[in-house]
Amino acid sequence: MASQMHFGEDDFLNCRFAVSPLWETQDAVRTLRRPDRHGYHVPWLRRIRDAAASLDLAPLWLLMPRRGHSPDWLGAPPIGPAATFEEEIAAVRAADPEAARADTARSLACTPGALDSEQGRAWLADPVRMVRELADAVEVAWRVLVEPEWPRLRALLEADVAFHSRRLAEVGLGTLLPELDARLSWDGRTLTLPGGVYERRLGGRGLVLMPSVFCWPDVITGFDPPWQPTLVYPARGVGGLWAEPGARTPEALVRLLGRNRAAVLAALDDPASTTALAHRLDLAPSSVSSHLTVLRESGLLTSRRYGHQVLYERTPLGMALASGG
């Protein structure tokens with residue numbers, strides 16, 4: 001079995017990258033129940049252990065079968081390239097109750113006994129209340145599990161988009177798609193992911209390409225009309241996401257540049273903004289900005305605008321210094 005997405009001429013013109021805090025919230029909740037996803041996220045799991053224990057996540061878990069359908073309306077493809085959580089959760093709250101009811105029933109059917117459970121029957125009997133309760137549950141999960149870490153997560157996700165956007169310009173879509181994950185294959189018209197059951201002719205709607213922190217090690221395809229087809233893949237650099245700055249700053253670099261400036265340079269494994277670096281390194285944004293200016297003027301960094309942010313990345317000389325080369 002395999003998931004396949006078949007491209008027509010217009011689909012090549014309608015592919016886009018996006019980042020979704022709503023999706024990361026859903027997958028953070030899913031990751032709590034998936035030990036096979038814990039490998040890279042142990043520091044985060046330790047940090048949120050007590051807070052997570054205070055949440056009632058059972059309603060959300062009921063709609064997250066290990067294999068099968070999760071409701072599209074509750075975690076729809078992002079409405080823009082950099083939508084905020086507030087914008088995305090507003091769209092969830094505005095879901096059509098009857099459409100949400102049908103989508104939820106399909107998901108409940110993937111878990112034995114869920115359709116006949118007390119919770120399942122209550123949702124299907126009152127879909128207006130269901131939409132409100134599930135949107136509330138997702139919003140609480142966002143506030144507790146993801147929002148405190150969002151600057152760090154967003155920086156990694158936006159760095160992935162920046163990297164793959166450059167690759168798209170360099171090599172084209174056909175070469176880029178298999179590079180997103182080794183399990184993906186491309187024959188010029190069809191993108192194939194082994195092991196899935198999703199098949200769709202994109203029909204001119206194109207494809208949303210969405211990096212994710214918490215989906216690792218999975219690659220996820222899906223979304224039925226009216227949603228735009230989406231491919232969710234593990235973001236580059238997730239293995240070092242939770243590493244503490246001091247653990248990756250060479251001591252020789254500290255002696256050369258000073259501890260904080262060396263930490264800024266070492267933290268730029270992927271492009272990042274001043275705000276993201278300040279959050280990651282627990283430094284004042286003004287201090288990080290000063291260090292970035294010096295490093296850039298010394299030829300160790302370059303900067304470029306991405307949306308509303310300026311992203312910094314290492315030059316070849318900066319890479320050599322950071323790696324001890």
# chains A, B, ... in the order shown; residues from 1 in each chain; ligands from 1
>>> residues_around(residues="Ala276 in chain A", least_positions_apart="4", cutoff="6 Å", atoms="only C-alpha atoms", output="PyMOL selection string")
chain A and resi 151-152+155
>>> write_last_selection(atoms="N, CA, C and O atoms", output="mmCIF file, in the first residue's frame")
data_model
loop_
_atom_site.group_PDB
_atom_site.id
_atom_site.type_symbol
_atom_site.label_atom_id
_atom_site.label_comp_id
_atom_site.auth_asym_id
_atom_site.auth_seq_id
_atom_site.Cartn_x
_atom_site.Cartn_y
_atom_site.Cartn_z
ATOM 1 N N PRO A 151 8.464 30.443 20.155
ATOM 2 C CA PRO A 151 9.563 31.134 19.457
ATOM 3 C C PRO A 151 10.660 30.181 18.985
ATOM 4 O O PRO A 151 11.169 30.313 17.873
ATOM 5 N N ARG A 152 11.018 29.211 19.816
ATOM 6 C CA ARG A 152 12.033 28.227 19.433
ATOM 7 C C ARG A 152 11.534 27.337 18.294
ATOM 8 O O ARG A 152 12.245 27.094 17.313
ATOM 9 N N ALA A 155 11.174 29.308 14.966
ATOM 10 C CA ALA A 155 12.464 29.585 14.338
ATOM 11 C C ALA A 155 12.954 28.382 13.544
ATOM 12 O O ALA A 155 13.449 28.520 12.410
#
>>> residues_around(residues="Thr192 in chain A", least_positions_apart="4", cutoff="6 Å", atoms="only C-alpha atoms", output="PDB file with C-alpha atoms, in the first residue's frame")
ATOM      1  CA  SER A   3      -0.210   7.107  -0.507  1.00  0.00           C
ATOM      2  CA  GLN A   4      -0.110   8.846  -3.865  1.00  0.00           C
ATOM      3  CA  LEU A 184       9.150  10.041  -0.771  1.00  0.00           C
ATOM      4  CA  SER A 185       9.533   9.222  -4.458  1.00  0.00           C
TER       5      SER A 185
END
>>> residues_around(residues="range 76-84 of chain A", least_positions_apart="3", cutoff="6 Å", atoms="only C-alpha atoms", output="ChimeraX atom specification")
/A:18-20,72-73,87
>>> closest_residue(among="A:Ser70, A:Asp269, A:Arg201, A:Glu149", to="Cys110 in chain A", atoms="only C-alpha atoms")
A:Ser70
>>> atom_distance(atom1="CA of Arg200 in chain A", atom2="CA of Asp224 in chain A")
8.5 Å
>>> closest_atom_pairs(of="range 225-282 of chain A", to="range 291-309 of chain A", cutoff="12 Å", atoms="only C-alpha atoms", output="JSON lines")
{"residue": "A:Leu257", "atom": "CA", "partner": "A:Leu295", "partner_atom": "CA", "distance": 9.4}
{"residue": "A:Gly258", "atom": "CA", "partner": "A:His291", "partner_atom": "CA", "distance": 10.2}
{"residue": "A:Arg259", "atom": "CA", "partner": "A:His291", "partner_atom": "CA", "distance": 10.8}
{"residue": "A:Asn260", "atom": "CA", "partner": "A:His291", "partner_atom": "CA", "distance": 8.0}
{"residue": "A:Arg261", "atom": "CA", "partner": "A:His291", "partner_atom": "CA", "distance": 5.6}
{"residue": "A:Ala262", "atom": "CA", "partner": "A:His291", "partner_atom": "CA", "distance": 9.0}
{"residue": "A:Ala263", "atom": "CA", "partner": "A:His291", "partner_atom": "CA", "distance": 9.8}
{"residue": "A:Val264", "atom": "CA", "partner": "A:His291", "partner_atom": "CA", "distance": 7.3}
{"residue": "A:Leu265", "atom": "CA", "partner": "A:Leu295", "partner_atom": "CA", "distance": 7.7}
{"residue": "A:Ala266", "atom": "CA", "partner": "A:Leu300", "partner_atom": "CA", "distance": 11.1}
{"residue": "A:Ala267", "atom": "CA", "partner": "A:Leu292", "partner_atom": "CA", "distance": 11.5}
{"residue": "A:Leu268", "atom": "CA", "partner": "A:Leu301", "partner_atom": "CA", "distance": 9.2}
{"residue": "A:Asp269", "atom": "CA", "partner": "A:Leu301", "partner_atom": "CA", "distance": 11.6}
{"residue": "A:Asp270", "atom": "CA", "partner": "A:Leu301", "partner_atom": "CA", "distance": 11.6}
{"residue": "A:Pro271", "atom": "CA", "partner": "A:Ser303", "partner_atom": "CA", "distance": 8.7}
{"residue": "A:Ala272", "atom": "CA", "partner": "A:Gln309", "partner_atom": "CA", "distance": 9.0}
{"residue": "A:Ser273", "atom": "CA", "partner": "A:Gln309", "partner_atom": "CA", "distance": 6.5}
{"residue": "A:Thr274", "atom": "CA", "partner": "A:Leu292", "partner_atom": "CA", "distance": 8.0}
{"residue": "A:Thr275", "atom": "CA", "partner": "A:Gln309", "partner_atom": "CA", "distance": 9.2}
{"residue": "A:Ala276", "atom": "CA", "partner": "A:Gln309", "partner_atom": "CA", "distance": 10.2}
{"residue": "A:Leu277", "atom": "CA", "partner": "A:Leu292", "partner_atom": "CA", "distance": 9.9}
{"residue": "A:Ala278", "atom": "CA", "partner": "A:His291", "partner_atom": "CA", "distance": 10.9}
>>> residues_around(residues="range 42-59 of chain A", least_positions_apart="3", cutoff="9 Å", atoms="only C-alpha atoms", output="PyMOL selection string")
chain A and resi 29+32+38-39+62-63+119+134+137-138+140-141+144-145+149+242-243
>>> select_by_dssp(residues="range 41-250 of chain A", states="strand (DSSP E)", output="MDAnalysis selection string")
chainID A and resid 185:186 190:194 199:201 208:212 220:222 230:234
>>> select_by_dssp(residues="range 33-113 of chain A", states="helix (DSSP H, G or I)", output="VMD selection string")
chain A and resid 35 to 37 39 to 53 58 to 62 72 to 74 85 to 93 97 to 108
>>> closest_residue(among="A:Phe214, A:Gly206, A:Phe17, A:Thr25", to="Gln228 in chain A", atoms="only C-alpha atoms")
A:Gly206
>>> atom_distance(atom1="CA of Ala109 in chain A", atom2="CA of Ala2 in chain A")
21.7 Å
>>> closest_residue(among="A:Ala94, A:Val213, A:Ala100, A:Val171", to="Met130 in chain A", atoms="only C-alpha atoms")
A:Ala100
>>> atom_distance(atom1="CA of Cys215 in chain A", atom2="CA of Thr31 in chain A")
7.8 Å
>>> residues_around(residues="Asp96 in chain A", least_positions_apart="2", cutoff="9 Å", atoms="only C-alpha atoms", output="count of residues only")
10
>>> closest_residue(among="A:Arg30, A:Gly204, A:Asp282, A:Ser287", to="Asp218 in chain A", atoms="only C-alpha atoms")
A:Arg30
>>> residues_around(residues="Pro178 in chain A", least_positions_apart="4", cutoff="12 Å", atoms="only C-alpha atoms", output="PDB file with N, CA, C and O atoms, in the first residue's frame")
ATOM      1  N   HIS A 164      14.354  25.119   2.209  1.00  0.00           N
ATOM      2  CA  HIS A 164      13.731  24.395   1.111  1.00  0.00           C
ATOM      3  C   HIS A 164      13.204  25.329   0.026  1.00  0.00           C
ATOM      4  O   HIS A 164      13.109  24.923  -1.138  1.00  0.00           O
ATOM      5  N   ARG A 167      16.163  25.707  -2.080  1.00  0.00           N
ATOM      6  CA  ARG A 167      16.357  24.499  -2.876  1.00  0.00           C
ATOM      7  C   ARG A 167      15.356  24.450  -4.034  1.00  0.00           C
ATOM      8  O   ARG A 167      15.700  24.019  -5.141  1.00  0.00           O
ATOM      9  N   LEU A 168      14.136  24.881  -3.797  1.00  0.00           N
ATOM     10  CA  LEU A 168      13.140  24.918  -4.854  1.00  0.00           C
ATOM     11  C   LEU A 168      13.605  25.805  -6.003  1.00  0.00           C
ATOM     12  O   LEU A 168      13.474  25.453  -7.179  1.00  0.00           O
ATOM     13  N   VAL A 171      16.718  23.803  -7.734  1.00  0.00           N
ATOM     14  CA  VAL A 171      16.596  22.504  -8.398  1.00  0.00           C
ATOM     15  C   VAL A 171      15.201  22.203  -8.926  1.00  0.00           C
ATOM     16  O   VAL A 171      15.018  21.233  -9.665  1.00  0.00           O
ATOM     17  N   GLY A 172      14.195  23.007  -8.550  1.00  0.00           N
ATOM     18  CA  GLY A 172      12.846  22.758  -9.025  1.00  0.00           C
ATOM     19  C   GLY A 172      12.074  21.802  -8.133  1.00  0.00           C
ATOM     20  O   GLY A 172      12.643  21.079  -7.300  1.00  0.00           O
ATOM     21  N   LEU A 173      10.753  21.775  -8.323  1.00  0.00           N
ATOM     22  CA  LEU A 173       9.872  21.014  -7.446  1.00  0.00           C
ATOM     23  C   LEU A 173      10.122  19.512  -7.531  1.00  0.00           C
ATOM     24  O   LEU A 173      10.108  18.813  -6.512  1.00  0.00           O
ATOM     25  N   GLY A 174      10.365  18.999  -8.732  1.00  0.00           N
ATOM     26  CA  GLY A 174      10.529  17.566  -8.890  1.00  0.00           C
ATOM     27  C   GLY A 174      11.710  17.002  -8.123  1.00  0.00           C
ATOM     28  O   GLY A 174      11.655  15.890  -7.611  1.00  0.00           O
ATOM     29  N   ALA A 182      13.405  10.870   2.797  1.00  0.00           N
ATOM     30  CA  ALA A 182      13.939   9.790   1.958  1.00  0.00           C
ATOM     31  C   ALA A 182      12.874   8.795   1.532  1.00  0.00           C
ATOM     32  O   ALA A 182      13.061   8.054   0.564  1.00  0.00           O
ATOM     33  N   ARG A 183      11.743   8.751   2.240  1.00  0.00           N
ATOM     34  CA  ARG A 183      10.687   7.795   1.889  1.00  0.00           C
ATOM     35  C   ARG A 183       9.847   8.254   0.703  1.00  0.00           C
ATOM     36  O   ARG A 183       9.090   7.466   0.143  1.00  0.00           O
ATOM     37  N   LEU A 184       9.940   9.510   0.323  1.00  0.00           N
ATOM     38  CA  LEU A 184       9.150  10.041  -0.771  1.00  0.00           C
ATOM     39  C   LEU A 184       9.816   9.752  -2.112  1.00  0.00           C
ATOM     40  O   LEU A 184      11.038   9.861  -2.235  1.00  0.00           O
ATOM     41  N   SER A 185       9.006   9.408  -3.103  1.00  0.00           N
ATOM     42  CA  SER A 185       9.533   9.222  -4.458  1.00  0.00           C
ATOM     43  C   SER A 185       8.664   9.999  -5.434  1.00  0.00           C
ATOM     44  O   SER A 185       7.472  10.237  -5.195  1.00  0.00           O
ATOM     45  N   TRP A 186       9.275  10.366  -6.566  1.00  0.00           N
ATOM     46  CA  TRP A 186       8.622  11.242  -7.541  1.00  0.00           C
ATOM     47  C   TRP A 186       8.922  10.717  -8.933  1.00  0.00           C
ATOM     48  O   TRP A 186      10.081  10.441  -9.268  1.00  0.00           O
ATOM     49  N   ASP A 187       7.880  10.571  -9.764  1.00  0.00           N
ATOM     50  CA  ASP A 187       8.097  10.070 -11.118  1.00  0.00           C
ATOM     51  C   ASP A 187       7.771  11.099 -12.192  1.00  0.00           C
ATOM     52  O   ASP A 187       7.634  10.752 -13.361  1.00  0.00           O
ATOM     53  N   GLY A 188       7.656  12.352 -11.791  1.00  0.00           N
ATOM     54  CA  GLY A 188       7.359  13.404 -12.749  1.00  0.00           C
ATOM     55  C   GLY A 188       5.920  13.869 -12.707  1.00  0.00           C
ATOM     56  O   GLY A 188       5.607  14.998 -13.100  1.00  0.00           O
ATOM     57  N   THR A 190       3.612  11.972 -10.105  1.00  0.00           N
ATOM     58  CA  THR A 190       3.011  11.395  -8.901  1.00  0.00           C
ATOM     59  C   THR A 190       4.029  11.362  -7.770  1.00  0.00           C
ATOM     60  O   THR A 190       5.161  10.901  -7.954  1.00  0.00           O
ATOM     61  N   LEU A 191       3.608  11.855  -6.600  1.00  0.00           N
ATOM     62  CA  LEU A 191       4.405  11.788  -5.382  1.00  0.00           C
ATOM     63  C   LEU A 191       3.898  10.607  -4.566  1.00  0.00           C
ATOM     64  O   LEU A 191       2.696  10.516  -4.274  1.00  0.00           O
ATOM     65  N   THR A 192       4.810   9.692  -4.213  1.00  0.00           N
ATOM     66  CA  THR A 192       4.412   8.450  -3.553  1.00  0.00           C
ATOM     67  C   THR A 192       5.090   8.328  -2.194  1.00  0.00           C
ATOM     68  O   THR A 192       6.286   8.574  -2.053  1.00  0.00           O
ATOM     69  N   LEU A 193       4.292   7.936  -1.197  1.00  0.00           N
ATOM     70  CA  LEU A 193       4.786   7.658   0.145  1.00  0.00           C
ATOM     71  C   LEU A 193       4.389   6.232   0.495  1.00  0.00           C
ATOM     72  O   LEU A 193       3.199   5.931   0.637  1.00  0.00           O
ATOM     73  N   VAL A 219       5.864  10.850   8.161  1.00  0.00           N
ATOM     74  CA  VAL A 219       5.486  11.750   7.078  1.00  0.00           C
ATOM     75  C   VAL A 219       3.992  11.548   6.880  1.00  0.00           C
ATOM     76  O   VAL A 219       3.519  10.410   6.792  1.00  0.00           O
ATOM     77  N   LEU A 231       1.151  17.860   2.674  1.00  0.00           N
ATOM     78  CA  LEU A 231       2.211  16.918   3.027  1.00  0.00           C
ATOM     79  C   LEU A 231       2.943  17.488   4.236  1.00  0.00           C
ATOM     80  O   LEU A 231       3.494  18.589   4.171  1.00  0.00           O
ATOM     81  N   TYR A 233       5.996  16.922   6.907  1.00  0.00           N
ATOM     82  CA  TYR A 233       7.259  16.181   6.973  1.00  0.00           C
ATOM     83  C   TYR A 233       8.097  16.693   8.150  1.00  0.00           C
ATOM     84  O   TYR A 233       7.946  17.840   8.592  1.00  0.00           O
TER      85      TYR A 233
END
